[in-house]
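Quick look at target-v3.pdb (PDB, C-alpha atoms):
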```pdb
ATOM      1  CA  MET A  22      15.161  34.816 -84.345
ATOM      2  CA  GLN A  23      15.567  36.260 -80.854
ATOM      3  CA  ASP A  24      13.707  33.459 -79.065
ATOM      4  CA  SER A  25      15.967  30.799 -80.552
ATOM      5  CA  ARG A  26      19.051  32.856 -79.583
ATOM      6  CA  ASP A  27      17.792  33.050 -75.978
ATOM      7  CA  ILE A  28      17.479  29.272 -75.874
ATOM      8  CA  GLU A  29      20.978  28.818 -77.333
ATOM      9  CA  THR A  30      22.359  31.237 -74.730
ATOM     10  CA  LEU A  31      20.683  29.201 -71.971
ATOM     11  CA  ILE A  32      22.211  25.994 -73.383
ATOM     12  CA  GLU A  33      25.663  27.622 -73.531
ATOM     13  CA  LEU A  34      25.375  28.797 -69.913
ATOM     14  CA  MET A  35      24.168  25.390 -68.702
ATOM     15  CA  ALA A  36      27.070  23.713 -70.532
ATOM     16  CA  ARG A  37      29.491  25.673 -68.312
ATOM     17  CA  LEU A  38      28.257  23.844 -65.210
ATOM     18  CA  PRO A  39      30.415  20.984 -63.896
ATOM     19  CA  GLY A  40      29.283  17.617 -65.214
ATOM     20  CA  LEU A  41      27.266  19.106 -68.086
ATOM     21  CA  GLY A  42      28.664  19.205 -71.581
ATOM     22  CA  PRO A  43      26.860  20.691 -74.584
ATOM     23  CA  ARG A  44      24.723  17.586 -75.192
ATOM     24  CA  SER A  45      23.698  17.185 -71.539
ATOM     25  CA  ALA A  46      22.953  20.912 -71.324
ATOM     26  CA  ARG A  47      20.750  20.699 -74.423
ATOM     27  CA  ARG A  48      18.810  17.772 -72.888
ATOM     28  CA  ALA A  49      18.417  19.651 -69.593
ATOM     29  CA  VAL A  50      17.132  22.780 -71.354
ATOM     30  CA  LEU A  51      14.675  20.738 -73.425
ATOM     31  CA  THR A  52      13.352  19.146 -70.229
ATOM     32  CA  LEU A  53      12.993  22.575 -68.630
ATOM     33  CA  LEU A  54      11.161  23.909 -71.678
ATOM     34  CA  LYS A  55       8.738  20.972 -71.670
ATOM     35  CA  LYS A  56       7.975  21.561 -67.969
ATOM     36  CA  ARG A  57       8.017  25.367 -67.889
ATOM     37  CA  GLU A  58       5.383  25.888 -65.216
ATOM     38  CA  ALA A  59       6.243  22.923 -63.011
ATOM     39  CA  LEU A  60      10.036  23.101 -63.238
ATOM     40  CA  MET A  61      11.518  26.017 -65.182
ATOM     41  CA  ALA A  62       9.631  28.888 -63.525
ATOM     42  CA  PRO A  63      10.265  27.688 -59.927
ATOM     43  CA  LEU A  64      13.919  26.980 -60.787
ATOM     44  CA  ALA A  65      14.385  30.471 -62.262
ATOM     45  CA  GLN A  66      12.705  32.016 -59.217
ATOM     46  CA  ALA A  67      14.866  29.997 -56.804
ATOM     47  CA  MET A  68      18.050  30.876 -58.709
ATOM     48  CA  ALA A  69      17.173  34.578 -58.705
ATOM     49  CA  GLY A  70      16.498  34.443 -54.960
ATOM     50  CA  VAL A  71      19.771  32.666 -54.181
ATOM     51  CA  ALA A  72      21.705  35.066 -56.425
ATOM     52  CA  LEU A  73      20.435  37.943 -54.274
ATOM     53  CA  SER A  74      20.625  36.331 -50.831
ATOM     54  CA  ALA A  75      23.730  34.076 -50.866
ATOM     55  CA  LYS A  76      26.662  35.401 -48.833
ATOM     56  CA  ASP A  77      29.982  34.084 -47.611
ATOM     57  CA  CYS A  78      29.924  33.547 -43.850
ATOM     58  CA  GLY A  79      32.071  36.253 -42.275
ATOM     59  CA  ILE A  80      33.549  33.747 -39.823
ATOM     60  CA  CYS A  81      34.225  30.475 -41.655
ATOM     61  CA  GLY A  82      33.617  31.144 -45.370
ATOM     62  CA  ASN A  83      30.615  28.826 -45.778
ATOM     63  CA  ILE A  84      27.790  29.974 -48.060
ATOM     64  CA  SER A  85      24.585  31.058 -46.337
ATOM     65  CA  SER A  86      21.746  33.519 -46.667
ATOM     66  CA  GLN A  87      22.887  35.176 -43.419
ATOM     67  CA  ALA A  88      26.074  37.073 -42.579
ATOM     68  CA  THR A  89      26.917  34.235 -40.150
ATOM     69  CA  CYS A  90      26.137  30.686 -41.291
ATOM     70  CA  PRO A  91      24.005  28.350 -39.115
ATOM     71  CA  ILE A  92      27.060  26.272 -38.158
ATOM     72  CA  CYS A  93      28.973  29.269 -36.754
ATOM     73  CA  ALA A  94      25.810  30.633 -35.109
ATOM     74  CA  ASP A  95      25.078  27.330 -33.317
ATOM     75  CA  PRO A  96      26.545  27.449 -29.773
ATOM     76  CA  ALA A  97      26.492  23.636 -29.626
ATOM     77  CA  ARG A  98      29.076  23.600 -32.444
ATOM     78  CA  ALA A  99      31.593  25.545 -30.291
ATOM     79  CA  THR A 100      33.396  22.324 -29.364
ATOM     80  CA  GLY A 101      36.914  23.764 -29.534
ATOM     81  CA  GLU A 102      37.513  21.980 -32.848
ATOM     82  CA  ILE A 103      37.958  23.647 -36.239
ATOM     83  CA  CYS A 104      37.997  21.545 -39.381
ATOM     84  CA  VAL A 105      39.966  23.230 -42.192
ATOM     85  CA  VAL A 106      38.655  22.419 -45.681
ATOM     86  CA  GLU A 107      39.627  23.585 -49.155
ATOM     87  CA  ASP A 108      36.212  24.751 -50.333
ATOM     88  CA  VAL A 109      32.507  24.814 -49.515
ATOM     89  CA  ALA A 110      31.875  21.562 -51.416
ATOM     90  CA  ASP A 111      34.236  19.829 -48.954
ATOM     91  CA  LEU A 112      32.398  21.386 -45.995
ATOM     92  CA  TRP A 113      29.097  20.119 -47.376
ATOM     93  CA  ALA A 114      30.628  16.652 -47.871
ATOM     94  CA  MET A 115      31.766  16.621 -44.222
ATOM     95  CA  GLU A 116      28.305  17.706 -43.083
ATOM     96  CA  ARG A 117      26.666  14.976 -45.184
ATOM     97  CA  GLY A 118      28.676  12.395 -43.250
ATOM     98  CA  GLN A 119      27.387  13.830 -39.927
ATOM     99  CA  ALA A 120      30.594  12.718 -38.186
ATOM    100  CA  PHE A 121      31.946  16.165 -37.250
ATOM    101  CA  ARG A 122      30.059  18.465 -34.850
ATOM    102  CA  GLY A 123      32.533  21.346 -34.513
ATOM    103  CA  ARG A 124      33.110  24.403 -36.704
ATOM    104  CA  TYR A 125      34.880  24.921 -40.017
ATOM    105  CA  HIS A 126      37.333  27.176 -41.790
ATOM    106  CA  VAL A 127      37.005  27.268 -45.601
ATOM    107  CA  LEU A 128      40.266  28.201 -47.329
ATOM    108  CA  GLY A 129      38.824  28.766 -50.803
ATOM    109  CA  GLY A 130      41.693  26.904 -52.474
ATOM    110  CA  THR A 131      45.209  25.687 -51.803
ATOM    111  CA  LEU A 132      48.582  27.398 -51.872
ATOM    112  CA  SER A 133      49.592  27.923 -55.485
ATOM    113  CA  ALA A 134      52.149  30.369 -56.852
ATOM    114  CA  LEU A 135      50.802  29.828 -60.393
ATOM    115  CA  ASP A 136      47.281  30.857 -59.353
ATOM    116  CA  ALA A 137      48.534  33.658 -57.068
ATOM    117  CA  MET A 138      47.030  31.886 -54.039
ATOM    118  CA  GLY A 139      49.120  32.746 -51.006
ATOM    119  CA  PRO A 140      48.410  32.540 -47.263
ATOM    120  CA  ASP A 141      46.538  35.858 -47.216
ATOM    121  CA  GLU A 142      44.243  34.857 -50.089
ATOM    122  CA  LEU A 143      43.407  31.626 -48.239
ATOM    123  CA  GLY A 144      42.673  33.379 -44.952
ATOM    124  CA  ILE A 145      45.394  31.522 -43.053
ATOM    125  CA  PRO A 146      46.130  34.575 -40.820
ATOM    126  CA  ARG A 147      42.360  34.729 -40.097
ATOM    127  CA  LEU A 148      42.488  31.025 -39.127
ATOM    128  CA  ALA A 149      45.368  31.734 -36.712
ATOM    129  CA  ALA A 150      43.355  34.596 -35.187
ATOM    130  CA  ARG A 151      40.335  32.299 -34.751
ATOM    131  CA  VAL A 152      42.490  29.670 -33.030
ATOM    132  CA  ALA A 153      43.696  32.306 -30.561
ATOM    133  CA  SER A 154      40.340  34.027 -29.941
ATOM    134  CA  GLU A 155      37.881  31.096 -29.938
ATOM    135  CA  GLY A 156      39.719  28.860 -27.459
ATOM    136  CA  ILE A 157      40.410  26.214 -30.101
ATOM    137  CA  THR A 158      42.002  23.021 -28.788
ATOM    138  CA  GLU A 159      42.215  21.063 -32.069
ATOM    139  CA  VAL A 160      42.631  22.008 -35.719
ATOM    140  CA  ILE A 161      41.718  19.178 -38.088
ATOM    141  CA  LEU A 162      43.346  19.530 -41.506
ATOM    142  CA  ALA A 163      40.797  17.941 -43.857
ATOM    143  CA  LEU A 164      42.506  18.818 -47.115
ATOM    144  CA  GLY A 165      42.713  16.686 -50.220
ATOM    145  CA  ALA A 166      45.536  14.156 -50.465
ATOM    146  CA  THR A 167      46.988  16.068 -53.432
ATOM    147  CA  VAL A 168      50.417  17.709 -53.588
ATOM    148  CA  ASP A 169      48.842  21.177 -53.243
ATOM    149  CA  GLY A 170      46.570  20.002 -50.418
ATOM    150  CA  GLN A 171      49.437  18.506 -48.448
ATOM    151  CA  THR A 172      51.675  21.540 -49.076
ATOM    152  CA  THR A 173      48.916  23.754 -47.708
ATOM    153  CA  ALA A 174      48.431  21.441 -44.710
ATOM    154  CA  HIS A 175      52.153  21.616 -43.856
ATOM    155  CA  TYR A 176      52.121  25.408 -44.170
ATOM    156  CA  ILE A 177      49.124  25.682 -41.823
ATOM    157  CA  ALA A 178      50.725  23.289 -39.318
ATOM    158  CA  ASP A 179      53.920  25.373 -39.346
ATOM    159  CA  SER A 180      51.905  28.611 -38.984
ATOM    160  CA  LEU A 181      50.079  27.269 -35.938
ATOM    161  CA  GLY A 182      53.151  25.574 -34.451
ATOM    162  CA  GLY A 183      53.513  28.120 -31.654
ATOM    163  CA  ALA A 184      49.862  27.896 -30.582
ATOM    164  CA  GLU A 185      48.669  25.668 -27.755
ATOM    165  CA  VAL A 186      46.579  23.566 -30.103
ATOM    166  CA  GLN A 187      46.627  19.983 -31.289
ATOM    167  CA  ILE A 188      46.940  19.720 -35.086
ATOM    168  CA  THR A 189      45.549  16.571 -36.679
ATOM    169  CA  SER A 190      44.810  15.419 -40.214
ATOM    170  CA  LEU A 191      42.335  12.946 -41.600
ATOM    171  CA  ALA A 192      43.432   9.326 -41.347
ATOM    172  CA  GLN A 193      44.308   7.154 -44.298
ATOM    173  CA  GLY A 194      41.330   5.984 -46.231
ATOM    174  CA  VAL A 195      41.193   9.200 -48.183
ATOM    175  CA  PRO A 196      42.849   8.067 -51.423
ATOM    176  CA  ILE A 197      46.009   9.763 -52.686
ATOM    177  CA  GLY A 198      44.930  12.323 -55.255
ATOM    178  CA  GLY A 199      41.370  12.167 -53.907
ATOM    179  CA  GLU A 200      39.130  15.100 -53.058
ATOM    180  CA  LEU A 201      36.607  15.104 -50.208
ATOM    181  CA  ASN A 202      33.707  16.133 -52.417
ATOM    182  CA  TYR A 203      33.931  12.818 -54.331
ATOM    183  CA  LEU A 204      34.167  10.473 -51.312
ATOM    184  CA  ASP A 205      31.274   8.476 -49.911
ATOM    185  CA  ASP A 206      29.885   9.332 -46.480
ATOM    186  CA  GLY A 207      31.256   6.177 -44.833
ATOM    187  CA  THR A 208      34.825   6.871 -45.964
ATOM    188  CA  ILE A 209      34.650  10.457 -44.715
ATOM    189  CA  GLY A 210      33.239   9.357 -41.341
ATOM    190  CA  ALA A 211      35.846   6.603 -40.892
ATOM    191  CA  ALA A 212      38.695   8.910 -41.888
ATOM    192  CA  LEU A 213      37.518  11.591 -39.462
ATOM    193  CA  ARG A 214      37.173   9.151 -36.550
ATOM    194  CA  ALA A 215      40.686   7.731 -37.175
ATOM    195  CA  ARG A 216      42.434  11.090 -37.565
ATOM    196  CA  ARG A 217      45.990  11.367 -36.260
ATOM    197  CA  ARG A 218      48.430  14.044 -35.105
ATOM    198  CA  PHE A 219      49.834  15.938 -38.105
TER     199      PHE A 219
END
```

Now that the file is in, can you turn its structure into C-alpha cells?
Amino acid sequence: MQDSRDIETLIELMARLPGLGPRSARRAVLTLLKKREALMAPLAQAMAGVALSAKDCGICGNISSQATCPICADPARATGEICVVEDVADLWAMERGQAFRGRYHVLGGTLSALDAMGPDELGIPRLAARVASEGITEVILALGATVDGQTTAHYIADSLGGAEVQITSLAQGVPIGGELNYLDDGTIGAALRARRRF
C-alpha cells in the first residue's frame, strides 16, 4: 500500500531529527495526521519555503533568507566586536541571551583531523580578513569548553596574534564539556559579561 509506505517514510525522516527517536517520530506524525489542515499543511508549506529561501550569510555564516543576514546588515551591530561561534545554534543561543550586540563569525565546526576540518574549512582565513578590513578591536572566542573547542580557540588566537586586536574568551561559568546551545540564557549572559583576555 503506497499510502502506508509514504507515512512510514515520513516517520523514518522525522526520526533522523535530533531529539526524536522512532517512537517520538511516530507520535509526532500521528499528531500531524490528526491535524492535517491546521498543522500539517502549514508546516509542509513553511518547510518548502525555507528549503528554497534559506541561505548562508556570505559574511558571517548565519542562516537567513537574504544573502546578508540581518545582524551583518545592521549598522548598529558594527561595534568593532566579532564573536566567534562553532555553529549557527550557538549564534542563536547568544542572540537569545541578548547580551551581545556586535557581529558574529560562524566556524561551522572545530578543528578535527579525523573529520578533515582544517582552518580553511572553518573559514579562519576569512575571519582574519574580516578582522583586518572591518576595523575589529575585539574577537570574542565563544567556543565550547571541549578539547576540540579549546584547540580551535588556541589556533585562532595564534592566527590573529599579529593583529592589533584584543582576543578574549568567555568567562568560567560555561561548564567543561558544555556546549553553548544547551546553556540557559542567564549563564550565557553572565559568561559574556565576565569574559577575559585569552

Residues in the PyMOL selection byres ((chain A and resi 112) around 10), expressed as a PDB file with C-alpha atoms, keeping the file's coordinate frame:
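Saved result, result_37.pdb, follows:
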```pdb
ATOM      1  CA  GLY A  82      33.617  31.144 -45.370  1.00  0.00           C
ATOM      2  CA  ASN A  83      30.615  28.826 -45.778  1.00  0.00           C
ATOM      3  CA  ILE A  84      27.790  29.974 -48.060  1.00  0.00           C
ATOM      4  CA  CYS A 104      37.997  21.545 -39.381  1.00  0.00           C
ATOM      5  CA  VAL A 105      39.966  23.230 -42.192  1.00  0.00           C
ATOM      6  CA  VAL A 106      38.655  22.419 -45.681  1.00  0.00           C
ATOM      7  CA  GLU A 107      39.627  23.585 -49.155  1.00  0.00           C
ATOM      8  CA  ASP A 108      36.212  24.751 -50.333  1.00  0.00           C
ATOM      9  CA  VAL A 109      32.507  24.814 -49.515  1.00  0.00           C
ATOM     10  CA  ALA A 110      31.875  21.562 -51.416  1.00  0.00           C
ATOM     11  CA  ASP A 111      34.236  19.829 -48.954  1.00  0.00           C
ATOM     12  CA  TRP A 113      29.097  20.119 -47.376  1.00  0.00           C
ATOM     13  CA  ALA A 114      30.628  16.652 -47.871  1.00  0.00           C
ATOM     14  CA  MET A 115      31.766  16.621 -44.222  1.00  0.00           C
ATOM     15  CA  GLU A 116      28.305  17.706 -43.083  1.00  0.00           C
ATOM     16  CA  ARG A 117      26.666  14.976 -45.184  1.00  0.00           C
ATOM     17  CA  ARG A 124      33.110  24.403 -36.704  1.00  0.00           C
ATOM     18  CA  TYR A 125      34.880  24.921 -40.017  1.00  0.00           C
ATOM     19  CA  HIS A 126      37.333  27.176 -41.790  1.00  0.00           C
ATOM     20  CA  VAL A 127      37.005  27.268 -45.601  1.00  0.00           C
ATOM     21  CA  ALA A 163      40.797  17.941 -43.857  1.00  0.00           C
ATOM     22  CA  LEU A 201      36.607  15.104 -50.208  1.00  0.00           C
ATOM     23  CA  ASN A 202      33.707  16.133 -52.417  1.00  0.00           C
TER      24      ASN A 202
END
```

If you count only C-alpha atoms, which residues fall within 8 Å of segment 175-192 of chain A, apart from same-chain ones fewer than 4 positions away, as a PDB file with C-alpha atoms, in the coordinates of the input?
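Output contents, as saved in selection-v3.pdb:
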```
ATOM      1  CA  ILE A 145      45.394  31.522 -43.053  1.00  0.00           C
ATOM      2  CA  ALA A 149      45.368  31.734 -36.712  1.00  0.00           C
ATOM      3  CA  VAL A 152      42.490  29.670 -33.030  1.00  0.00           C
ATOM      4  CA  ALA A 153      43.696  32.306 -30.561  1.00  0.00           C
ATOM      5  CA  ILE A 157      40.410  26.214 -30.101  1.00  0.00           C
ATOM      6  CA  THR A 158      42.002  23.021 -28.788  1.00  0.00           C
ATOM      7  CA  GLU A 159      42.215  21.063 -32.069  1.00  0.00           C
ATOM      8  CA  VAL A 160      42.631  22.008 -35.719  1.00  0.00           C
ATOM      9  CA  ILE A 161      41.718  19.178 -38.088  1.00  0.00           C
ATOM     10  CA  LEU A 162      43.346  19.530 -41.506  1.00  0.00           C
ATOM     11  CA  ALA A 163      40.797  17.941 -43.857  1.00  0.00           C
ATOM     12  CA  GLN A 171      49.437  18.506 -48.448  1.00  0.00           C
ATOM     13  CA  ALA A 212      38.695   8.910 -41.888  1.00  0.00           C
ATOM     14  CA  LEU A 213      37.518  11.591 -39.462  1.00  0.00           C
ATOM     15  CA  ARG A 214      37.173   9.151 -36.550  1.00  0.00           C
ATOM     16  CA  ALA A 215      40.686   7.731 -37.175  1.00  0.00           C
ATOM     17  CA  ARG A 216      42.434  11.090 -37.565  1.00  0.00           C
ATOM     18  CA  ARG A 217      45.990  11.367 -36.260  1.00  0.00           C
ATOM     19  CA  ARG A 218      48.430  14.044 -35.105  1.00  0.00           C
ATOM     20  CA  PHE A 219      49.834  15.938 -38.105  1.00  0.00           C
TER      21      PHE A 219
END
```

Legend entry - For atom CA of Glu29 of chain A and atom CA of Gly70 of chain A, the interatomic separation in Å (one decimal): 23.5 Å

Inset, instruction - Give me, please, the distance in Å between atom CA of Glu102 of chain A and atom CA of Val168 of chain A, quoted to one decimal. - result: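 Between atom CA of Glu102 of chain A and atom CA of Val168 of chain A the gap is 24.8 Å.
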
Inset, instruction - Mind giving me the straight-line distance from atom CA of Lys55 of chain A to atom CA of Leu73 of chain A in Å, one decimal? - result: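 Those two atoms sit 27.0 Å apart.
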
List as a PDB file with C-alpha atoms, in the frame of the given file the protein and nucleic acid residues near Ser74 of chain A, meaning an atom at most 12 Å away when all atoms listed in the file are counted, but skip any in the same chain fewer than 3 places from it.
```pdb
ATOM      1  CA  ALA A  67      14.866  29.997 -56.804  1.00  0.00           C
ATOM      2  CA  MET A  68      18.050  30.876 -58.709  1.00  0.00           C
ATOM      3  CA  ALA A  69      17.173  34.578 -58.705  1.00  0.00           C
ATOM      4  CA  GLY A  70      16.498  34.443 -54.960  1.00  0.00           C
ATOM      5  CA  VAL A  71      19.771  32.666 -54.181  1.00  0.00           C
ATOM      6  CA  ASP A  77      29.982  34.084 -47.611  1.00  0.00           C
ATOM      7  CA  CYS A  78      29.924  33.547 -43.850  1.00  0.00           C
ATOM      8  CA  ILE A  84      27.790  29.974 -48.060  1.00  0.00           C
ATOM      9  CA  SER A  85      24.585  31.058 -46.337  1.00  0.00           C
ATOM     10  CA  SER A  86      21.746  33.519 -46.667  1.00  0.00           C
ATOM     11  CA  GLN A  87      22.887  35.176 -43.419  1.00  0.00           C
ATOM     12  CA  ALA A  88      26.074  37.073 -42.579  1.00  0.00           C
TER      13      ALA A  88
END
```

Inset, instruction - Name all residues at most 8 Å from segment 93-96 of chain A (count only C-alpha atoms; drop same-chain ones fewer than 2 positions away) and give them as a list in words. - result: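 Once the nearby chain positions are removed, what remains is Ile80, Cys81, Thr89, Cys90, Pro91, Arg98, Ala99 and Arg124 of chain A.
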
Legend entry - Pick from A:Ala49, A:Leu31, A:Ala211, A:Ile92 nearest to Arg122 of chain A, counting all atoms listed in the file: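 Using all atoms listed in the file, Arg122 of chain A sits closest to A:Ile92.
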
What would segment 120-136 of chain A look like with N, CA, C and O atoms in place, written as a PDB file, in the frame of the given file?
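Generated file (part.pdb):
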```pdb
ATOM      1  N   ALA A 120      29.632  13.252 -39.150  1.00  0.00           N
ATOM      2  CA  ALA A 120      30.594  12.718 -38.186  1.00  0.00           C
ATOM      3  C   ALA A 120      31.276  13.824 -37.389  1.00  0.00           C
ATOM      4  O   ALA A 120      31.803  13.561 -36.315  1.00  0.00           O
ATOM      5  N   PHE A 121      31.251  15.056 -37.901  1.00  0.00           N
ATOM      6  CA  PHE A 121      31.946  16.165 -37.250  1.00  0.00           C
ATOM      7  C   PHE A 121      30.917  17.160 -36.738  1.00  0.00           C
ATOM      8  O   PHE A 121      30.029  17.582 -37.474  1.00  0.00           O
ATOM      9  N   ARG A 122      31.037  17.559 -35.458  1.00  0.00           N
ATOM     10  CA  ARG A 122      30.059  18.465 -34.850  1.00  0.00           C
ATOM     11  C   ARG A 122      30.692  19.767 -34.373  1.00  0.00           C
ATOM     12  O   ARG A 122      30.116  20.482 -33.561  1.00  0.00           O
ATOM     13  N   GLY A 123      31.887  20.088 -34.865  1.00  0.00           N
ATOM     14  CA  GLY A 123      32.533  21.346 -34.513  1.00  0.00           C
ATOM     15  C   GLY A 123      32.270  22.402 -35.577  1.00  0.00           C
ATOM     16  O   GLY A 123      31.253  22.386 -36.261  1.00  0.00           O
ATOM     17  N   ARG A 124      33.222  23.317 -35.726  1.00  0.00           N
ATOM     18  CA  ARG A 124      33.110  24.403 -36.704  1.00  0.00           C
ATOM     19  C   ARG A 124      34.155  24.239 -37.793  1.00  0.00           C
ATOM     20  O   ARG A 124      35.040  23.397 -37.695  1.00  0.00           O
ATOM     21  N   TYR A 125      34.041  25.054 -38.832  1.00  0.00           N
ATOM     22  CA  TYR A 125      34.880  24.921 -40.017  1.00  0.00           C
ATOM     23  C   TYR A 125      35.647  26.204 -40.318  1.00  0.00           C
ATOM     24  O   TYR A 125      35.304  27.283 -39.836  1.00  0.00           O
ATOM     25  N   HIS A 126      36.649  26.038 -41.173  1.00  0.00           N
ATOM     26  CA  HIS A 126      37.333  27.176 -41.790  1.00  0.00           C
ATOM     27  C   HIS A 126      37.540  26.797 -43.254  1.00  0.00           C
ATOM     28  O   HIS A 126      38.251  25.829 -43.555  1.00  0.00           O
ATOM     29  N   VAL A 127      36.916  27.538 -44.166  1.00  0.00           N
ATOM     30  CA  VAL A 127      37.005  27.268 -45.601  1.00  0.00           C
ATOM     31  C   VAL A 127      38.121  28.130 -46.177  1.00  0.00           C
ATOM     32  O   VAL A 127      38.072  29.356 -46.105  1.00  0.00           O
ATOM     33  N   LEU A 128      39.126  27.479 -46.769  1.00  0.00           N
ATOM     34  CA  LEU A 128      40.266  28.201 -47.329  1.00  0.00           C
ATOM     35  C   LEU A 128      39.925  28.883 -48.657  1.00  0.00           C
ATOM     36  O   LEU A 128      40.423  29.953 -48.955  1.00  0.00           O
ATOM     37  N   GLY A 129      39.127  28.226 -49.472  1.00  0.00           N
ATOM     38  CA  GLY A 129      38.824  28.766 -50.803  1.00  0.00           C
ATOM     39  C   GLY A 129      39.867  28.389 -51.835  1.00  0.00           C
ATOM     40  O   GLY A 129      39.959  29.000 -52.891  1.00  0.00           O
ATOM     41  N   GLY A 130      40.663  27.375 -51.545  1.00  0.00           N
ATOM     42  CA  GLY A 130      41.693  26.904 -52.474  1.00  0.00           C
ATOM     43  C   GLY A 130      42.867  26.341 -51.711  1.00  0.00           C
ATOM     44  O   GLY A 130      42.778  26.080 -50.508  1.00  0.00           O
ATOM     45  N   THR A 131      43.967  26.149 -52.411  1.00  0.00           N
ATOM     46  CA  THR A 131      45.209  25.687 -51.803  1.00  0.00           C
ATOM     47  C   THR A 131      46.332  26.624 -52.230  1.00  0.00           C
ATOM     48  O   THR A 131      46.183  27.391 -53.187  1.00  0.00           O
ATOM     49  N   LEU A 132      47.435  26.574 -51.517  1.00  0.00           N
ATOM     50  CA  LEU A 132      48.582  27.398 -51.872  1.00  0.00           C
ATOM     51  C   LEU A 132      49.033  27.080 -53.296  1.00  0.00           C
ATOM     52  O   LEU A 132      49.206  25.910 -53.649  1.00  0.00           O
ATOM     53  N   SER A 133      49.180  28.120 -54.100  1.00  0.00           N
ATOM     54  CA  SER A 133      49.592  27.923 -55.485  1.00  0.00           C
ATOM     55  C   SER A 133      50.190  29.219 -56.016  1.00  0.00           C
ATOM     56  O   SER A 133      49.475  30.214 -56.185  1.00  0.00           O
ATOM     57  N   ALA A 134      51.488  29.185 -56.302  1.00  0.00           N
ATOM     58  CA  ALA A 134      52.149  30.369 -56.852  1.00  0.00           C
ATOM     59  C   ALA A 134      51.615  30.674 -58.248  1.00  0.00           C
ATOM     60  O   ALA A 134      51.448  31.832 -58.627  1.00  0.00           O
ATOM     61  N   LEU A 135      51.312  29.628 -59.026  1.00  0.00           N
ATOM     62  CA  LEU A 135      50.802  29.828 -60.393  1.00  0.00           C
ATOM     63  C   LEU A 135      49.458  30.542 -60.404  1.00  0.00           C
ATOM     64  O   LEU A 135      49.174  31.337 -61.295  1.00  0.00           O
ATOM     65  N   ASP A 136      48.614  30.243 -59.424  1.00  0.00           N
ATOM     66  CA  ASP A 136      47.281  30.857 -59.353  1.00  0.00           C
ATOM     67  C   ASP A 136      47.256  32.068 -58.434  1.00  0.00           C
ATOM     68  O   ASP A 136      46.177  32.571 -58.106  1.00  0.00           O
TER      69      ASP A 136
END
```
